$ cat query20.txt   # compact mmCIF, C-alpha atoms
# COMPACT_ATOMS: atom_id res chain seq x y z
CA MET A 1 -67.13 -12.14 -17.64
CA ARG A 2 -69.18 -15.26 -17.89
CA PRO A 3 -71.55 -15.57 -14.90
CA TRP A 4 -71.73 -18.93 -13.19
CA THR A 5 -75.03 -20.76 -13.55
CA PRO A 6 -75.83 -24.46 -13.29
CA LEU A 7 -76.44 -24.48 -17.05
CA ALA A 8 -73.12 -22.79 -17.75
CA HIS A 9 -71.41 -25.29 -15.51
CA ARG A 10 -73.03 -28.25 -17.31
CA GLU A 11 -71.97 -26.78 -20.63
CA TRP A 12 -68.46 -26.41 -19.34
CA ARG A 13 -68.39 -30.00 -18.11
CA LYS A 14 -69.77 -31.17 -21.46
CA GLY A 15 -67.00 -29.24 -23.18
CA GLN A 16 -64.45 -30.89 -20.95
CA LEU A 17 -65.78 -34.34 -21.73
CA MET A 18 -66.06 -33.72 -25.46
CA SER A 19 -62.53 -32.43 -25.60
CA GLU A 20 -61.48 -35.68 -23.91
CA GLY A 21 -59.06 -33.67 -21.81
CA PRO A 22 -58.50 -34.05 -18.10
CA GLU A 23 -60.85 -32.09 -15.88
CA ARG A 24 -59.13 -28.80 -15.14
CA LYS A 25 -59.99 -26.98 -11.98
CA VAL A 26 -58.74 -23.64 -10.84
CA GLY A 27 -56.36 -23.80 -7.90
CA ILE A 28 -56.94 -21.24 -5.16
CA ILE A 29 -53.99 -20.54 -2.90
CA ALA A 30 -54.48 -18.21 0.06
CA CYS A 31 -51.64 -16.73 2.10
CA SER A 32 -53.73 -17.39 5.21
CA GLY A 33 -51.40 -15.02 7.04
CA GLU A 34 -52.08 -15.49 10.73
CA GLU A 35 -50.43 -12.24 11.78
CA LEU A 36 -52.88 -9.89 10.07
CA ALA A 37 -56.63 -9.48 9.81
CA GLU A 38 -56.15 -9.28 6.04
CA GLY A 39 -54.66 -12.78 6.17
CA THR A 40 -57.83 -13.99 7.83
CA VAL A 41 -59.79 -12.25 5.08
CA SER A 42 -57.76 -14.10 2.43
CA ARG A 43 -58.40 -17.44 4.08
CA LEU A 44 -62.14 -16.93 4.61
CA ALA A 45 -62.62 -15.56 1.09
CA ALA A 46 -60.85 -18.58 -0.40
CA LEU A 47 -63.00 -20.91 1.69
CA ARG A 48 -66.15 -19.12 0.58
CA VAL A 49 -65.26 -19.68 -3.06
CA LEU A 50 -64.17 -23.28 -2.50
CA ASP A 51 -67.21 -24.24 -0.42
CA SER A 52 -70.05 -22.07 -1.66
CA LEU A 53 -69.45 -19.92 -4.73
CA ARG A 54 -67.51 -22.21 -7.09
CA PRO A 55 -67.22 -25.60 -5.36
CA HIS A 56 -67.18 -27.58 -8.62
CA ASP A 57 -64.54 -25.47 -10.34
CA THR A 58 -61.94 -24.98 -7.64
CA VAL A 59 -59.41 -26.86 -5.55
CA THR A 60 -56.85 -25.67 -3.05
CA LEU A 61 -53.46 -26.45 -1.63
CA CYS A 62 -52.01 -25.24 1.66
CA LEU A 63 -49.17 -22.87 0.79
CA PRO A 64 -46.54 -24.51 3.08
CA LEU A 65 -46.88 -27.79 1.20
CA PHE A 66 -44.78 -26.33 -1.63
CA LEU A 67 -41.84 -26.78 0.75
CA ALA A 68 -43.03 -29.22 3.39
CA GLY A 69 -44.84 -31.53 0.98
CA GLY A 70 -43.67 -33.72 -1.87
CA PRO A 71 -43.02 -33.30 -5.60
CA ASP A 72 -46.74 -33.63 -6.40
CA ASP A 73 -47.48 -30.59 -4.29
CA ARG A 74 -44.82 -28.55 -6.07
CA THR A 75 -46.33 -29.34 -9.45
CA PHE A 76 -49.78 -28.20 -8.31
CA ALA A 77 -49.73 -24.98 -10.33
CA ARG A 78 -48.60 -26.85 -13.41
CA HIS A 79 -51.70 -29.04 -13.25
CA HIS A 80 -54.07 -26.26 -12.29
CA PRO A 81 -54.20 -22.64 -13.37
CA THR A 82 -53.90 -20.88 -10.02
CA ILE A 83 -55.24 -17.71 -8.48
CA THR A 84 -53.52 -16.50 -5.33
CA VAL A 85 -55.08 -14.42 -2.56
CA ASP A 86 -52.71 -12.46 -0.37
CA GLY A 87 -53.47 -10.37 2.66
CA CYS A 88 -50.74 -7.77 2.23
CA ASP A 89 -48.27 -6.45 -0.31
CA LEU A 90 -45.62 -8.92 0.79
CA ARG A 91 -47.58 -11.26 -1.51
CA CYS A 92 -46.27 -14.47 0.04
CA ALA A 93 -48.76 -16.72 -1.77
CA ALA A 94 -48.19 -15.24 -5.23
CA ARG A 95 -44.41 -15.11 -4.94
CA ALA A 96 -44.02 -18.52 -3.33
CA THR A 97 -46.35 -20.14 -5.88
CA GLU A 98 -44.27 -18.71 -8.70
CA MET A 99 -41.03 -19.62 -6.96
CA TYR A 100 -41.87 -23.24 -6.23
CA SER A 101 -44.52 -24.22 -8.76
CA LYS A 102 -45.59 -21.89 -11.58
CA LYS A 103 -46.68 -18.29 -11.97
CA PRO A 104 -50.32 -17.80 -10.94
CA VAL A 105 -52.66 -16.67 -13.69
CA HIS A 106 -54.17 -14.05 -11.39
CA SER A 107 -53.34 -12.71 -7.97
CA LEU A 108 -55.42 -10.66 -5.56
CA VAL A 109 -54.19 -8.60 -2.62
CA VAL A 110 -56.78 -7.92 0.06
CA SER A 111 -55.23 -4.67 1.30
CA GLU A 112 -55.27 -3.31 -2.26
CA LEU A 113 -58.90 -4.33 -2.79
CA VAL A 114 -59.88 -2.69 0.48
CA ALA A 115 -58.15 0.55 -0.53
CA GLU A 116 -59.59 0.43 -4.04
CA GLU A 117 -63.15 0.02 -2.73
CA ARG A 118 -62.54 2.46 0.11
CA LEU A 119 -63.62 0.02 2.78
CA ARG A 120 -62.59 0.55 6.38
CA LYS A 121 -59.52 -1.39 7.47
CA PRO A 122 -60.28 -4.96 8.54
CA GLU A 123 -59.49 -5.58 12.21
CA GLY A 124 -59.45 -8.69 14.34
CA ARG A 125 -57.32 -11.47 12.95
CA ARG A 126 -59.11 -13.97 15.19
CA GLN A 127 -62.62 -12.58 14.85
CA LEU A 128 -63.11 -10.12 12.01
CA ASN A 129 -64.96 -6.85 12.49
CA GLU A 130 -67.71 -5.68 10.13
CA ALA A 131 -65.19 -4.15 7.72
CA GLY A 132 -63.34 -7.46 7.66
CA ARG A 133 -66.50 -9.36 6.87
CA GLN A 134 -67.24 -6.92 4.05
CA ALA A 135 -63.73 -7.47 2.76
CA VAL A 136 -64.33 -11.24 2.77
CA GLU A 137 -67.44 -10.81 0.63
CA LEU A 138 -65.72 -8.44 -1.76
CA THR A 139 -62.63 -10.61 -2.10
CA ALA A 140 -64.70 -13.77 -2.58
CA GLU A 141 -66.76 -12.12 -5.33
CA ARG A 142 -63.64 -10.92 -7.15
CA LEU A 143 -62.10 -14.33 -6.79
CA ALA A 144 -65.17 -16.09 -8.15
CA ALA A 145 -65.23 -13.71 -11.11
CA LEU A 146 -61.60 -14.51 -11.85
CA VAL A 147 -62.36 -18.24 -11.62
CA ASP A 148 -65.08 -17.74 -14.22
CA THR A 149 -62.67 -15.88 -16.46
CA VAL A 150 -60.08 -18.64 -16.26
CA ILE A 151 -62.61 -21.40 -16.87
CA SER A 152 -64.22 -19.50 -19.71
CA LYS A 153 -60.84 -19.12 -21.39
CA GLU A 154 -59.97 -22.76 -20.84
CA THR A 155 -63.30 -23.87 -22.29
CA HIS A 156 -62.86 -21.64 -25.30
CA VAL A 157 -59.37 -22.92 -25.84
CA SER A 158 -60.48 -26.56 -25.84
CA ASP A 159 -63.64 -25.79 -27.84
CA GLY A 160 -61.68 -23.51 -30.12
CA ALA A 161 -59.15 -26.21 -30.88
CA ARG A 162 -61.90 -28.56 -32.04
CA VAL A 163 -63.96 -25.96 -33.89
CA ALA A 164 -60.89 -24.41 -35.44
CA GLY A 165 -59.92 -27.79 -36.84
CA ALA A 166 -63.32 -28.23 -38.46
CA SER A 167 -63.38 -24.64 -39.62
CA ALA A 168 -59.96 -24.93 -41.19
CA ARG A 169 -61.28 -27.76 -43.34
CA ARG A 170 -64.06 -25.51 -44.58
CA LYS A 171 -62.22 -22.23 -44.99
CA LYS A 172 -59.10 -20.40 -44.07
CA GLY A 173 -59.21 -17.55 -41.52
CA GLY A 174 -62.18 -16.55 -39.35
CA ASP A 175 -63.32 -14.39 -36.49
CA SER A 176 -62.04 -14.41 -32.97
CA CYS A 177 -64.16 -15.22 -29.95
CA SER A 178 -66.20 -12.43 -28.34
CA CYS A 179 -64.70 -13.21 -24.96
CA ARG A 180 -61.41 -11.87 -26.33
CA SER A 181 -59.57 -15.02 -25.39
CA GLY A 182 -58.11 -15.04 -28.86
CA SER A 183 -59.55 -18.44 -29.69
CA ALA A 184 -60.68 -19.01 -33.25
CA VAL A 185 -64.39 -19.67 -33.75
CA MET B 1 -30.83 -9.18 28.86
CA SER B 2 -31.90 -9.07 25.22
CA LYS B 3 -35.44 -8.18 24.31
CA ASP B 4 -35.97 -11.68 22.97
CA GLN B 5 -34.90 -13.43 26.15
CA GLY B 6 -37.81 -15.37 27.58
CA ARG B 7 -39.85 -14.81 24.45
CA VAL B 8 -41.23 -17.60 22.32
CA VAL B 9 -42.20 -17.58 18.66
CA VAL B 10 -45.41 -19.46 17.97
CA VAL B 11 -45.92 -20.91 14.49
CA PRO B 12 -49.28 -22.54 13.77
CA CYS B 13 -50.29 -24.60 10.76
CA SER B 14 -51.91 -22.41 8.11
CA GLY B 15 -54.10 -25.16 6.68
CA ILE B 16 -57.50 -24.26 5.28
CA GLY B 17 -58.68 -27.72 4.27
CA LYS B 18 -59.41 -29.35 7.62
CA PRO B 19 -60.84 -28.38 11.02
CA SER B 20 -57.55 -29.38 12.63
CA GLY B 21 -55.85 -26.48 10.82
CA SER B 22 -58.36 -24.12 12.36
CA VAL B 23 -57.78 -25.66 15.80
CA SER B 24 -54.03 -25.10 15.49
CA ARG B 25 -54.57 -21.47 14.53
CA GLU B 26 -57.10 -20.92 17.33
CA ALA B 27 -54.69 -22.47 19.85
CA ALA B 28 -51.98 -20.07 18.68
CA TYR B 29 -54.30 -17.08 19.01
CA GLU B 30 -55.42 -18.24 22.44
CA LEU B 31 -51.82 -18.52 23.59
CA CYS B 32 -50.55 -15.30 21.99
CA GLU B 33 -53.54 -13.03 22.51
CA SER B 34 -55.19 -14.28 25.69
CA LEU B 35 -52.86 -16.36 27.83
CA ARG B 36 -49.31 -15.06 27.28
CA PRO B 37 -49.37 -11.95 25.06
CA GLN B 38 -46.22 -10.52 26.71
CA ASN B 39 -44.00 -13.52 26.09
CA THR B 40 -45.07 -14.75 22.71
CA GLU B 41 -44.92 -13.68 19.09
CA LEU B 42 -47.11 -15.20 16.42
CA VAL B 43 -45.36 -15.80 13.09
CA ALA B 44 -47.23 -16.55 9.88
CA LEU B 45 -46.10 -19.71 8.15
CA SER B 46 -46.49 -18.08 4.74
CA LYS B 47 -43.57 -15.73 5.51
CA LEU B 48 -41.33 -18.70 6.23
CA VAL B 49 -42.42 -20.32 2.98
CA LEU B 50 -41.55 -17.16 1.08
CA GLY B 51 -38.21 -16.93 2.87
CA ASP B 52 -38.80 -13.45 4.28
CA ALA B 53 -35.40 -12.43 5.70
CA ALA B 54 -36.65 -10.59 8.78
CA THR B 55 -38.92 -13.48 9.73
CA HIS B 56 -36.15 -16.00 9.22
CA GLU B 57 -33.94 -13.96 11.52
CA THR B 58 -36.62 -13.81 14.20
CA VAL B 59 -37.20 -17.54 14.00
CA ALA B 60 -33.49 -18.32 14.03
CA ARG B 61 -32.76 -16.34 17.21
CA THR B 62 -35.91 -17.16 19.20
CA PRO B 63 -37.10 -20.52 20.57
CA CYS B 64 -40.15 -21.70 18.64
CA VAL B 65 -43.32 -23.57 19.44
CA ALA B 66 -44.87 -25.32 16.43
CA ILE B 67 -48.55 -26.23 16.34
CA ASP B 68 -49.24 -28.71 13.55
CA GLY B 69 -52.66 -29.45 12.12
CA CYS B 70 -51.96 -32.67 10.27
CA GLN B 71 -49.34 -35.35 9.66
CA GLN B 72 -47.55 -33.18 7.11
CA MET B 73 -46.26 -31.15 10.08
CA CYS B 74 -45.65 -28.07 7.95
CA ALA B 75 -45.10 -25.76 10.93
CA SER B 76 -42.39 -27.91 12.51
CA LYS B 77 -40.69 -28.57 9.18
CA MET B 78 -40.69 -24.93 8.12
CA VAL B 79 -39.23 -23.71 11.42
CA LYS B 80 -36.37 -26.18 11.03
CA LYS B 81 -35.87 -25.30 7.36
CA SER B 82 -35.70 -21.65 8.38
CA GLY B 83 -32.87 -22.30 10.80
CA GLY B 84 -35.04 -22.17 13.93
CA THR B 85 -35.21 -24.45 16.95
CA VAL B 86 -38.49 -26.12 17.81
CA ILE B 87 -38.47 -26.34 21.59
CA HIS B 88 -41.96 -27.78 21.69
CA ALA B 89 -44.09 -29.22 18.89
CA VAL B 90 -47.71 -30.16 19.38
CA ALA B 91 -50.08 -31.81 16.93
CA VAL B 92 -53.83 -31.36 16.97
CA LEU B 93 -54.36 -35.07 16.29
CA ASP B 94 -52.30 -36.02 19.35
CA ALA B 95 -54.25 -33.56 21.49
CA PHE B 96 -57.50 -35.02 20.21
CA ARG B 97 -56.32 -38.54 21.12
CA ARG B 98 -55.95 -37.31 24.70
CA HIS B 99 -59.31 -35.52 24.62
CA ARG B 100 -61.62 -37.72 22.55
CA GLU B 101 -64.68 -35.82 23.72
CA LEU B 102 -63.46 -32.70 21.89
CA LYS B 103 -64.07 -33.47 18.21
CA ALA B 104 -63.44 -30.37 16.13
CA GLU B 105 -65.77 -29.58 13.24
CA GLY B 106 -66.03 -26.60 10.93
CA ILE B 107 -63.22 -24.77 9.16
CA ALA B 108 -64.34 -21.18 8.69
CA GLU B 109 -66.03 -21.37 12.08
CA LEU B 110 -65.03 -23.98 14.63
CA ASN B 111 -67.63 -25.71 16.76
CA ASP B 112 -67.48 -25.44 20.57
CA ALA B 113 -65.54 -28.69 20.90
CA GLY B 114 -62.90 -27.41 18.48
CA ARG B 115 -62.53 -24.17 20.40
CA LYS B 116 -62.24 -26.09 23.67
CA LEU B 117 -59.59 -28.35 22.19
CA ALA B 118 -57.66 -25.26 21.08
CA ARG B 119 -57.97 -23.81 24.58
CA VAL B 120 -56.68 -27.04 26.13
CA MET B 121 -53.70 -27.07 23.77
CA ALA B 122 -52.91 -23.43 24.51
CA GLU B 123 -53.07 -24.06 28.26
CA GLU B 124 -50.66 -26.96 27.89
CA LEU B 125 -48.28 -24.73 25.95
CA VAL B 126 -48.32 -22.09 28.69
CA GLU B 127 -46.08 -24.37 30.75
CA THR B 128 -43.46 -24.31 28.01
CA VAL B 129 -43.63 -20.53 27.65
CA ASP B 130 -43.45 -19.97 31.40
CA ALA B 131 -40.60 -22.42 31.83
CA LEU B 132 -38.62 -20.63 29.18
CA GLY B 133 -39.47 -17.26 30.69
CA SER B 134 -38.17 -18.29 34.11
CA SER B 135 -35.01 -20.00 32.87
CA GLY B 136 -34.41 -17.99 29.74
CA VAL B 137 -32.83 -21.06 28.20
CA ALA B 138 -34.34 -23.60 25.84
CA LYS B 139 -34.02 -27.10 27.27
CA GLY B 140 -34.23 -28.90 23.94
CA ALA B 141 -36.88 -30.08 21.57
CA THR B 142 -39.89 -31.98 22.80
CA HIS B 143 -42.95 -33.32 21.09
CA VAL B 144 -46.19 -33.96 22.92
$ encode --input "query20.txt" --output "structure tokens"
Amino acid sequence: MRPWTPLAHREWRKGQLMSEGPERKVGIIACSGEELAEGTVSRLAALRVLDSLRPHDTVTLCLPLFLAGGPDDRTFARHHPTITVDGCDLRCAARATEMYSKKPVHSLVVSELVAEERLRKPEGRRQLNEAGRQAVELTAERLAALVDTVISKETHVSDGARVAGASARRKKGGDSCSCRSGSAV
Amino acid sequence: MSKDQGRVVVVPCSGIGKPSGSVSREAAYELCESLRPQNTELVALSKLVLGDAATHETVARTPCVAIDGCQQMCASKMVKKSGGTVIHAVAVLDAFRRHRELKAEGIAELNDAGRKLARVMAEELVETVDALGSSGVAKGATHV
């Protein structure tokens, strides 16, 4: 995983500019399920990533806009690699994103994360309890790490395309990137 | 008398990009948890987007109140798309126009004005819930 730092971000932006490609941000789509505390966790974790942890690398779309919005909204996941955050195993955000736009590159389920980390069950869909607040932090951290992974891969792909072109002129073959993205270096 | 008679489904906006989305959600919680917990059922918009069969059925057989956060009116649209009847639709922007002193700010955590606006909206919706409870019949769609 590539940790986010201001320097890393500047390097990423430089890579974007040098590749002359459009700026690609990671789309975060939360289920925001109002019926469950885990839905509140999904929403607050997404907001934490969008506002504080990775504000320059992420954008969001309200899930209902896939149906209630226009064609631009439905192509959201084609323009942005998306990560979905669902509260429960119904996985509304992940399934609806795939159904109406494009398959998300990663999907998180809060109830699964809570079980995996053996946290207490979040309670209080309107006002989260301490376990719920812990779940927000945990989910936001996982989400930010996944954003880094996606951006790292995207950067390597665009860098790799340029470097691979130059490398191919010098020699055939070569090593693959240490991030295991499969990009030639 | 069926178990759903006199009950109302409440569908708030699930927006996370604007304070008005948070106001709509808070108004729904205020109505369903504090003011009329016996007569209301909160339904998550995401289930309607997914097309969850059980949720569609609930929405189709129960009168619905939609609380919209922005001009996209996702809650109202999704109830109708799901085969439901919106007996009362309210929009946060319209409520704010009537209560200019209550300017909502904050998304993850609403300011006091936002919470008060949500409370006002919920109190206005109580009339609809109570009217339905006493008559048991939806009188038709309205939009305030």
$ residues_around --input "query20.txt" --residues "range 139-151 of chain A" --least-positions-apart "2" --cutoff "10 Å" --atoms "all atoms listed in the file" --output "mmCIF file with C-alpha atoms, in the coordinates of the input"
data_model
loop_
_atom_site.group_PDB
_atom_site.id
_atom_site.type_symbol
_atom_site.label_atom_id
_atom_site.label_comp_id
_atom_site.auth_asym_id
_atom_site.auth_seq_id
_atom_site.Cartn_x
_atom_site.Cartn_y
_atom_site.Cartn_z
ATOM 1 C CA MET A 1 -67.130 -12.140 -17.640
ATOM 2 C CA ARG A 2 -69.180 -15.260 -17.890
ATOM 3 C CA PRO A 3 -71.550 -15.570 -14.900
ATOM 4 C CA TRP A 4 -71.730 -18.930 -13.190
ATOM 5 C CA HIS A 9 -71.410 -25.290 -15.510
ATOM 6 C CA TRP A 12 -68.460 -26.410 -19.340
ATOM 7 C CA ARG A 24 -59.130 -28.800 -15.140
ATOM 8 C CA LYS A 25 -59.990 -26.980 -11.980
ATOM 9 C CA VAL A 26 -58.740 -23.640 -10.840
ATOM 10 C CA GLY A 27 -56.360 -23.800 -7.900
ATOM 11 C CA ILE A 28 -56.940 -21.240 -5.160
ATOM 12 C CA VAL A 41 -59.790 -12.250 5.080
ATOM 13 C CA SER A 42 -57.760 -14.100 2.430
ATOM 14 C CA ARG A 43 -58.400 -17.440 4.080
ATOM 15 C CA LEU A 44 -62.140 -16.930 4.610
ATOM 16 C CA ALA A 45 -62.620 -15.560 1.090
ATOM 17 C CA ALA A 46 -60.850 -18.580 -0.400
ATOM 18 C CA LEU A 47 -63.000 -20.910 1.690
ATOM 19 C CA ARG A 48 -66.150 -19.120 0.580
ATOM 20 C CA VAL A 49 -65.260 -19.680 -3.060
ATOM 21 C CA LEU A 50 -64.170 -23.280 -2.500
ATOM 22 C CA SER A 52 -70.050 -22.070 -1.660
ATOM 23 C CA LEU A 53 -69.450 -19.920 -4.730
ATOM 24 C CA ARG A 54 -67.510 -22.210 -7.090
ATOM 25 C CA ASP A 57 -64.540 -25.470 -10.340
ATOM 26 C CA THR A 58 -61.940 -24.980 -7.640
ATOM 27 C CA PRO A 81 -54.200 -22.640 -13.370
ATOM 28 C CA THR A 82 -53.900 -20.880 -10.020
ATOM 29 C CA ILE A 83 -55.240 -17.710 -8.480
ATOM 30 C CA THR A 84 -53.520 -16.500 -5.330
ATOM 31 C CA VAL A 85 -55.080 -14.420 -2.560
ATOM 32 C CA VAL A 105 -52.660 -16.670 -13.690
ATOM 33 C CA HIS A 106 -54.170 -14.050 -11.390
ATOM 34 C CA SER A 107 -53.340 -12.710 -7.970
ATOM 35 C CA LEU A 108 -55.420 -10.660 -5.560
ATOM 36 C CA VAL A 109 -54.190 -8.600 -2.620
ATOM 37 C CA VAL A 110 -56.780 -7.920 0.060
ATOM 38 C CA LEU A 113 -58.900 -4.330 -2.790
ATOM 39 C CA VAL A 114 -59.880 -2.690 0.480
ATOM 40 C CA ARG A 133 -66.500 -9.360 6.870
ATOM 41 C CA GLN A 134 -67.240 -6.920 4.050
ATOM 42 C CA ALA A 135 -63.730 -7.470 2.760
ATOM 43 C CA VAL A 136 -64.330 -11.240 2.770
ATOM 44 C CA GLU A 137 -67.440 -10.810 0.630
ATOM 45 C CA LYS A 153 -60.840 -19.120 -21.390
ATOM 46 C CA GLU A 154 -59.970 -22.760 -20.840
ATOM 47 C CA THR A 155 -63.300 -23.870 -22.290
ATOM 48 C CA HIS A 156 -62.860 -21.640 -25.300
ATOM 49 C CA VAL A 157 -59.370 -22.920 -25.840
ATOM 50 C CA CYS A 179 -64.700 -13.210 -24.960
ATOM 51 C CA SER A 181 -59.570 -15.020 -25.390
#
$ interface_residues --input "query20.txt" --of "chain B" --to "chain A" --cutoff "9 Å" --atoms "only C-alpha atoms" --output "count of residues only"
28
$ atom_distance --input "query20.txt" --atom1 "CA of Asp68 in chain B" --atom2 "CA of Lys18 in chain B"
11.8 Å
$ closest_residue --input "query20.txt" --among "A:Asp51, A:Ser101, A:His56, A:Asp89" --to "Asp73 in chain A" --atoms "only C-alpha atoms"
A:Ser101
$ atom_distance --input "query20.txt" --atom1 "CA of His56 in chain B" --atom2 "CA of Pro122 in chain A"
26.5 Å
$ residues_around --input "query20.txt" --residues "Glu124 in chain B" --least-positions-apart "3" --cutoff "10 Å" --atoms "only C-alpha atoms" --output "list of chain:residue names"
B:Leu31, B:Val90, B:Ala95, B:Ala118, B:Arg119, B:Val120, B:Met121, B:Glu127, B:Thr128, B:Val129, B:Val144
$ write_last_selection --input "query20.txt" --atoms "C-alpha atoms" --output "PDB file, keeping the file's coordinate frame"
ATOM      1  CA  LEU B  31     -51.820 -18.520  23.590  1.00  0.00           C
ATOM      2  CA  VAL B  90     -47.710 -30.160  19.380  1.00  0.00           C
ATOM      3  CA  ALA B  95     -54.250 -33.560  21.490  1.00  0.00           C
ATOM      4  CA  ALA B 118     -57.660 -25.260  21.080  1.00  0.00           C
ATOM      5  CA  ARG B 119     -57.970 -23.810  24.580  1.00  0.00           C
ATOM      6  CA  VAL B 120     -56.680 -27.040  26.130  1.00  0.00           C
ATOM      7  CA  MET B 121     -53.700 -27.070  23.770  1.00  0.00           C
ATOM      8  CA  GLU B 127     -46.080 -24.370  30.750  1.00  0.00           C
ATOM      9  CA  THR B 128     -43.460 -24.310  28.010  1.00  0.00           C
ATOM     10  CA  VAL B 129     -43.630 -20.530  27.650  1.00  0.00           C
ATOM     11  CA  VAL B 144     -46.190 -33.960  22.920  1.00  0.00           C
TER      12      VAL B 144
END
$ closest_residue --input "query20.txt" --among "B:Leu102, B:Arg97, B:Ser134, B:Leu125" --to "Val65 in chain B" --atoms "only C-alpha atoms"
B:Leu125
$ atom_distance --input "query20.txt" --atom1 "CA of Val79 in chain B" --atom2 "CA of Ala60 in chain B"
8.3 Å
$ closest_residue --input "query20.txt" --among "B:His99, B:Val126, B:Ile87, B:Glu109" --to "Cys32 in chain B" --atoms "only C-alpha atoms"
B:Val126
$ closest_residue --input "query20.txt" --among "B:Thr62, B:Gly114, B:Ser24, B:Val11" --to "Ser76 in chain B" --atoms "all atoms listed in the file"
B:Val11
$ closest_residue --input "query20.txt" --among "B:Ala28, B:Ala54, B:Cys64, B:Leu110" --to "Lys80 in chain B" --atoms "all atoms listed in the file"
B:Cys64
